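Asker: This one is data_22.cif, mmCIF, C-alpha atoms.
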data_upload
#
loop_
_atom_site.group_PDB
_atom_site.id
_atom_site.type_symbol
_atom_site.label_atom_id
_atom_site.label_comp_id
_atom_site.auth_asym_id
_atom_site.auth_seq_id
_atom_site.Cartn_x
_atom_site.Cartn_y
_atom_site.Cartn_z
ATOM 1 C CA GLN A 1 0.000 0.000 0.000
ATOM 2 C CA VAL A 2 1.324 3.394 -0.993
ATOM 3 C CA THR A 3 0.544 6.514 0.971
ATOM 4 C CA LEU A 4 1.558 9.946 -0.240
ATOM 5 C CA VAL A 5 1.495 12.871 2.142
ATOM 6 C CA GLU A 6 1.661 16.504 1.123
ATOM 7 C CA SER A 7 2.602 19.249 3.537
ATOM 8 C CA GLY A 8 3.556 22.896 3.541
ATOM 9 C CA GLY A 9 0.317 24.453 2.430
ATOM 10 C CA GLY A 10 -1.208 27.432 4.127
ATOM 11 C CA LEU A 11 -2.058 31.064 3.681
ATOM 12 C CA ALA A 12 0.180 33.401 1.709
ATOM 13 C CA GLN A 13 -0.144 36.948 0.478
ATOM 14 C CA ALA A 14 0.033 37.785 -3.185
ATOM 15 C CA GLY A 15 3.662 37.936 -4.212
ATOM 16 C CA GLY A 16 4.671 35.575 -1.438
ATOM 17 C CA SER A 17 6.106 32.080 -1.435
ATOM 18 C CA LEU A 18 5.350 28.647 -0.090
ATOM 19 C CA ARG A 19 7.159 25.334 -0.371
ATOM 20 C CA LEU A 20 5.170 22.142 -0.570
ATOM 21 C CA SER A 21 6.602 18.733 0.243
ATOM 22 C CA CYS A 22 5.538 15.277 -0.857
ATOM 23 C CA ALA A 23 6.642 12.199 1.052
ATOM 24 C CA ALA A 24 5.694 8.555 0.685
ATOM 25 C CA SER A 25 5.356 5.449 2.755
ATOM 26 C CA GLY A 26 5.167 1.969 1.311
ATOM 27 C CA ARG A 27 7.355 2.845 -1.673
ATOM 28 C CA ALA A 28 10.693 4.528 -2.208
ATOM 29 C CA LEU A 29 9.653 7.800 -3.789
ATOM 30 C CA SER A 30 13.102 8.069 -5.339
ATOM 31 C CA ASN A 31 12.124 5.387 -7.873
ATOM 32 C CA TYR A 32 9.130 7.307 -9.234
ATOM 33 C CA ALA A 33 8.373 10.343 -11.306
ATOM 34 C CA VAL A 34 6.211 12.638 -9.216
ATOM 35 C CA GLY A 35 3.519 14.948 -10.455
ATOM 36 C CA TRP A 36 1.924 17.914 -8.739
ATOM 37 C CA PHE A 37 -1.650 18.858 -9.556
ATOM 38 C CA ARG A 38 -4.058 21.361 -8.134
ATOM 39 C CA GLN A 39 -7.783 21.688 -7.895
ATOM 40 C CA ALA A 40 -9.527 24.965 -7.239
ATOM 41 C CA GLN A 41 -12.995 24.941 -5.772
ATOM 42 C CA GLY A 42 -15.550 23.982 -8.402
ATOM 43 C CA LYS A 43 -12.917 23.300 -11.040
ATOM 44 C CA GLU A 44 -11.166 20.311 -12.551
ATOM 45 C CA ARG A 45 -7.890 18.992 -11.223
ATOM 46 C CA ARG A 46 -5.102 20.503 -13.301
ATOM 47 C CA PHE A 47 -1.479 19.709 -13.908
ATOM 48 C CA VAL A 48 1.154 21.891 -12.260
ATOM 49 C CA ALA A 49 4.533 20.177 -12.687
ATOM 50 C CA PHE A 50 6.307 16.853 -12.743
ATOM 51 C CA ILE A 51 9.819 15.657 -12.120
ATOM 52 C CA SER A 52 11.385 12.468 -13.437
ATOM 53 C CA TRP A 53 12.491 9.762 -11.037
ATOM 54 C CA SER A 54 16.122 10.757 -11.582
ATOM 55 C CA GLY A 55 15.392 14.437 -11.198
ATOM 56 C CA SER A 56 16.974 15.224 -14.551
ATOM 57 C CA ASP A 57 13.718 16.198 -16.265
ATOM 58 C CA THR A 58 11.073 18.641 -15.160
ATOM 59 C CA TYR A 59 7.993 20.001 -16.885
ATOM 60 C CA TYR A 60 5.638 22.803 -15.921
ATOM 61 C CA ALA A 61 2.230 24.089 -16.806
ATOM 62 C CA ASP A 62 2.431 27.409 -18.609
ATOM 63 C CA SER A 63 0.523 29.073 -15.786
ATOM 64 C CA VAL A 64 3.304 28.403 -13.282
ATOM 65 C CA LYS A 65 6.391 28.410 -15.490
ATOM 66 C CA GLY A 66 9.025 30.785 -14.155
ATOM 67 C CA ARG A 67 7.321 31.013 -10.753
ATOM 68 C CA PHE A 68 7.232 27.431 -9.484
ATOM 69 C CA SER A 69 10.112 25.009 -9.229
ATOM 70 C CA ILE A 70 9.916 21.265 -8.639
ATOM 71 C CA SER A 71 12.838 19.392 -7.142
ATOM 72 C CA ARG A 72 13.622 16.242 -5.254
ATOM 73 C CA ASP A 73 15.933 15.081 -2.533
ATOM 74 C CA ASN A 74 16.254 11.347 -2.989
ATOM 75 C CA TYR A 75 18.230 11.007 0.233
ATOM 76 C CA LYS A 76 15.250 12.386 2.098
ATOM 77 C CA ASP A 77 12.876 10.632 -0.297
ATOM 78 C CA THR A 78 10.952 13.858 -0.687
ATOM 79 C CA VAL A 79 9.773 15.959 -3.609
ATOM 80 C CA TYR A 80 9.315 19.698 -3.272
ATOM 81 C CA LEU A 81 7.294 22.327 -5.064
ATOM 82 C CA GLN A 82 8.692 25.799 -4.474
ATOM 83 C CA MET A 83 6.045 28.358 -5.291
ATOM 84 C CA ASN A 84 7.080 31.989 -5.707
ATOM 85 C CA SER A 85 5.252 35.103 -6.840
ATOM 86 C CA LEU A 86 1.993 33.587 -5.737
ATOM 87 C CA ASN A 87 -1.265 35.161 -6.838
ATOM 88 C CA PRO A 88 -4.883 34.490 -5.877
ATOM 89 C CA ALA A 89 -5.339 32.315 -8.981
ATOM 90 C CA ASP A 90 -2.955 29.820 -7.359
ATOM 91 C CA THR A 91 -5.451 29.162 -4.576
ATOM 92 C CA ALA A 92 -6.305 25.466 -4.689
ATOM 93 C CA ILE A 93 -5.772 22.124 -3.041
ATOM 94 C CA TYR A 94 -2.428 20.784 -4.216
ATOM 95 C CA TYR A 95 -1.873 17.068 -4.709
ATOM 96 C CA CYS A 96 1.188 14.980 -5.434
ATOM 97 C CA ALA A 97 0.893 11.741 -7.335
ATOM 98 C CA ILE A 98 2.934 8.823 -8.672
ATOM 99 C CA ARG A 99 2.365 6.180 -11.290
ATOM 100 C CA LYS A 100 2.118 2.485 -10.502
ATOM 101 C CA ARG A 101 5.359 1.414 -12.181
ATOM 102 C CA ALA A 102 8.731 2.522 -10.934
ATOM 103 C CA TYR A 103 10.968 4.356 -13.399
ATOM 104 C CA SER A 104 8.004 5.408 -15.547
ATOM 105 C CA ASP A 105 8.096 8.732 -17.339
ATOM 106 C CA GLY A 106 6.342 11.676 -15.800
ATOM 107 C CA SER A 107 3.090 12.861 -17.303
ATOM 108 C CA SER A 108 0.935 15.973 -17.333
ATOM 109 C CA SER A 109 -2.237 13.876 -17.439
ATOM 110 C CA ALA A 110 -3.916 13.157 -14.124
ATOM 111 C CA GLY A 111 -5.298 9.909 -15.528
ATOM 112 C CA ASP A 112 -1.797 8.494 -15.850
ATOM 113 C CA TYR A 113 -1.229 8.575 -12.100
ATOM 114 C CA ASP A 114 -2.305 5.792 -9.796
ATOM 115 C CA TYR A 115 -1.566 6.994 -6.284
ATOM 116 C CA TRP A 116 -2.521 10.340 -4.839
ATOM 117 C CA GLY A 117 -2.010 12.159 -1.596
ATOM 118 C CA GLN A 118 -4.837 13.726 0.373
ATOM 119 C CA GLY A 119 -3.865 17.210 -0.718
ATOM 120 C CA THR A 120 -2.770 20.381 1.033
ATOM 121 C CA GLN A 121 -4.657 23.652 0.853
ATOM 122 C CA VAL A 122 -2.925 26.721 -0.519
ATOM 123 C CA THR A 123 -4.742 30.015 -0.162
ATOM 124 C CA VAL A 124 -3.347 33.231 -1.597
ATOM 125 C CA SER A 125 -4.868 36.500 -0.502
ATOM 126 C CA SER A 126 -4.737 39.676 -2.563
#
Rewrite the structure from the file as structure tokens, please.

Answerer:
Amino acid sequence: QVTLVESGGGLAQAGGSLRLSCAASGRALSNYAVGWFRQAQGKERRFVAFISWSGSDTYYADSVKGRFSISRDNYKDTVYLQMNSLNPADTAIYYCAIRKRAYSDGSSSAGDYDYWGQGTQVTVSS
């Protein structure tokens, strides 16, 4: 059984920063590409970023490119999402996710991911 846990959400002012973390139990996160997605109230879950299992490849949604940065520390078995220059449109529940097979490529499609965390709320005030 795989459990993903996000942390680091909270309230930020516009222009501020937050860093989200994603950790796993039941699997070594270092063997998996990790995706971050977000879901605003009343809207579909949308892709934010992913990082390959090796950390050598990253990919971002256009809406966050240049402001968000995804990284991983495989010694700590944790993936991070650094979010800078936040604006109210970034308000959402943020989820991390992995695919079933180790060493799979990352994907921007939520349907390609098999395991999801419970999410962490990010609220950005203007």

Asker: Considering all atoms listed in the file, return as a PDB file with C-alpha atoms, keeping the file's coordinate frame whatever protein or nucleic-acid residues lie within 9 Å of Asp90 (chain A), sequence-local ones (same chain, fewer than 5 positions apart) excluded.

Answerer:
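Done, and the output landed in out.pdb:
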ATOM      1  CA  ARG A  38      -4.058  21.361  -8.134  1.00  0.00           C
ATOM      2  CA  ALA A  40      -9.527  24.965  -7.239  1.00  0.00           C
ATOM      3  CA  VAL A  64       3.304  28.403 -13.282  1.00  0.00           C
ATOM      4  CA  VAL A 122      -2.925  26.721  -0.519  1.00  0.00           C
ATOM      5  CA  THR A 123      -4.742  30.015  -0.162  1.00  0.00           C
ATOM      6  CA  VAL A 124      -3.347  33.231  -1.597  1.00  0.00           C
TER       7      VAL A 124
END

Asker: Would you translate the PyMOL selection byres ((chain A and resi 4) around 7) into the concrete set of residues it matches in this file, as an mmCIF file with C-alpha atoms, in the frame of the given file?

Answerer:
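As a result, part-v9.cif now contains:
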data_model
loop_
_atom_site.group_PDB
_atom_site.id
_atom_site.type_symbol
_atom_site.label_atom_id
_atom_site.label_comp_id
_atom_site.auth_asym_id
_atom_site.auth_seq_id
_atom_site.Cartn_x
_atom_site.Cartn_y
_atom_site.Cartn_z
ATOM 1 C CA VAL A 2 1.324 3.394 -0.993
ATOM 2 C CA THR A 3 0.544 6.514 0.971
ATOM 3 C CA VAL A 5 1.495 12.871 2.142
ATOM 4 C CA GLU A 6 1.661 16.504 1.123
ATOM 5 C CA CYS A 22 5.538 15.277 -0.857
ATOM 6 C CA ALA A 23 6.642 12.199 1.052
ATOM 7 C CA ALA A 24 5.694 8.555 0.685
ATOM 8 C CA SER A 25 5.356 5.449 2.755
ATOM 9 C CA TRP A 116 -2.521 10.340 -4.839
ATOM 10 C CA GLY A 117 -2.010 12.159 -1.596
#

Asker: To one decimal place, how far is CA of Ile98 (chain A) from CA of Trp36 (chain A) in Å?

Answerer: 9.1 Å

Asker: Evaluate the PyMOL selection byres ((chain A and resi 72) around 12) against this structure - the residues, as a ChimeraX atom specification, please.

Answerer: /A:20-23,29-35,50-58,69-71,73-82

Asker: Taking the file as shown, what set of residues would the PyMOL selection byres ((chain A and resi 45-47) around 10) give back, as a list in words?

Answerer: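 In the shown coordinates, the PyMOL selection byres ((chain A and resi 45-47) around 10) covers Gly35, Trp36, Phe37, Arg38, Gln39, Ala40, Gln41, Gly42, Lys43, Glu44, Val48, Ala49, Phe50, Tyr59, Tyr60, Ala61, Asp62, Ser63, Val64, Ala92, Ile93, Tyr94, Tyr95, Ser107, Ser108, Ser109 and Ala110 of chain A.
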
Asker: If you measure from CA of Gln118 (chain A) to CA of Gly9 (chain A), what distance in Å do you get, rounded to one decimal?

Answerer: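 Between CA of Gln118 (chain A) and CA of Gly9 (chain A) the gap works out to 12.1 Å.
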
Asker: By how many Å are CA of Ala97 (chain A) and CA of Gln121 (chain A) apart?

Answerer: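 If I compute the distance from CA of Ala97 (chain A) to CA of Gln121 (chain A), I get 15.5 Å.
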
Asker: For Asn84 (chain A), find every residue with an atom within 9 Å (counting only C-alpha atoms), except residues of its own chain fewer than 5 positions away, and show them as an mmCIF file with C-alpha atoms, in the frame of the given file.

Answerer:
data_model
loop_
_atom_site.group_PDB
_atom_site.id
_atom_site.type_symbol
_atom_site.label_atom_id
_atom_site.label_comp_id
_atom_site.auth_asym_id
_atom_site.auth_seq_id
_atom_site.Cartn_x
_atom_site.Cartn_y
_atom_site.Cartn_z
ATOM 1 C CA GLY A 15 3.662 37.936 -4.212
ATOM 2 C CA GLY A 16 4.671 35.575 -1.438
ATOM 3 C CA SER A 17 6.106 32.080 -1.435
ATOM 4 C CA LEU A 18 5.350 28.647 -0.090
ATOM 5 C CA ARG A 19 7.159 25.334 -0.371
ATOM 6 C CA GLY A 66 9.025 30.785 -14.155
ATOM 7 C CA ARG A 67 7.321 31.013 -10.753
ATOM 8 C CA PHE A 68 7.232 27.431 -9.484
ATOM 9 C CA SER A 69 10.112 25.009 -9.229
#

Asker: Using all atoms listed in the file, which of A:Gln13, A:Thr120, A:Ser85, A:Gln1 sits nearest Ala28 (chain A)?

Answerer: A:Gln1

Asker: Looking at all atoms listed in the file, which of A:Gly106, A:Ser126, A:Lys65, A:Arg99 is the one that sits closest to Ala12 (chain A)?

Answerer: A:Ser126

Asker: Please report, as lines of an AutoDock Vina configuration file, the centre and edge lengths in Å to one decimal of an axis-aligned box covering all listed atoms of region 10-22 of chain A with 3 Å per side.

Answerer:
center_x = 2.6
center_y = 26.6
center_z = 0.0
size_x = 15.2
size_y = 28.7
size_z = 14.3
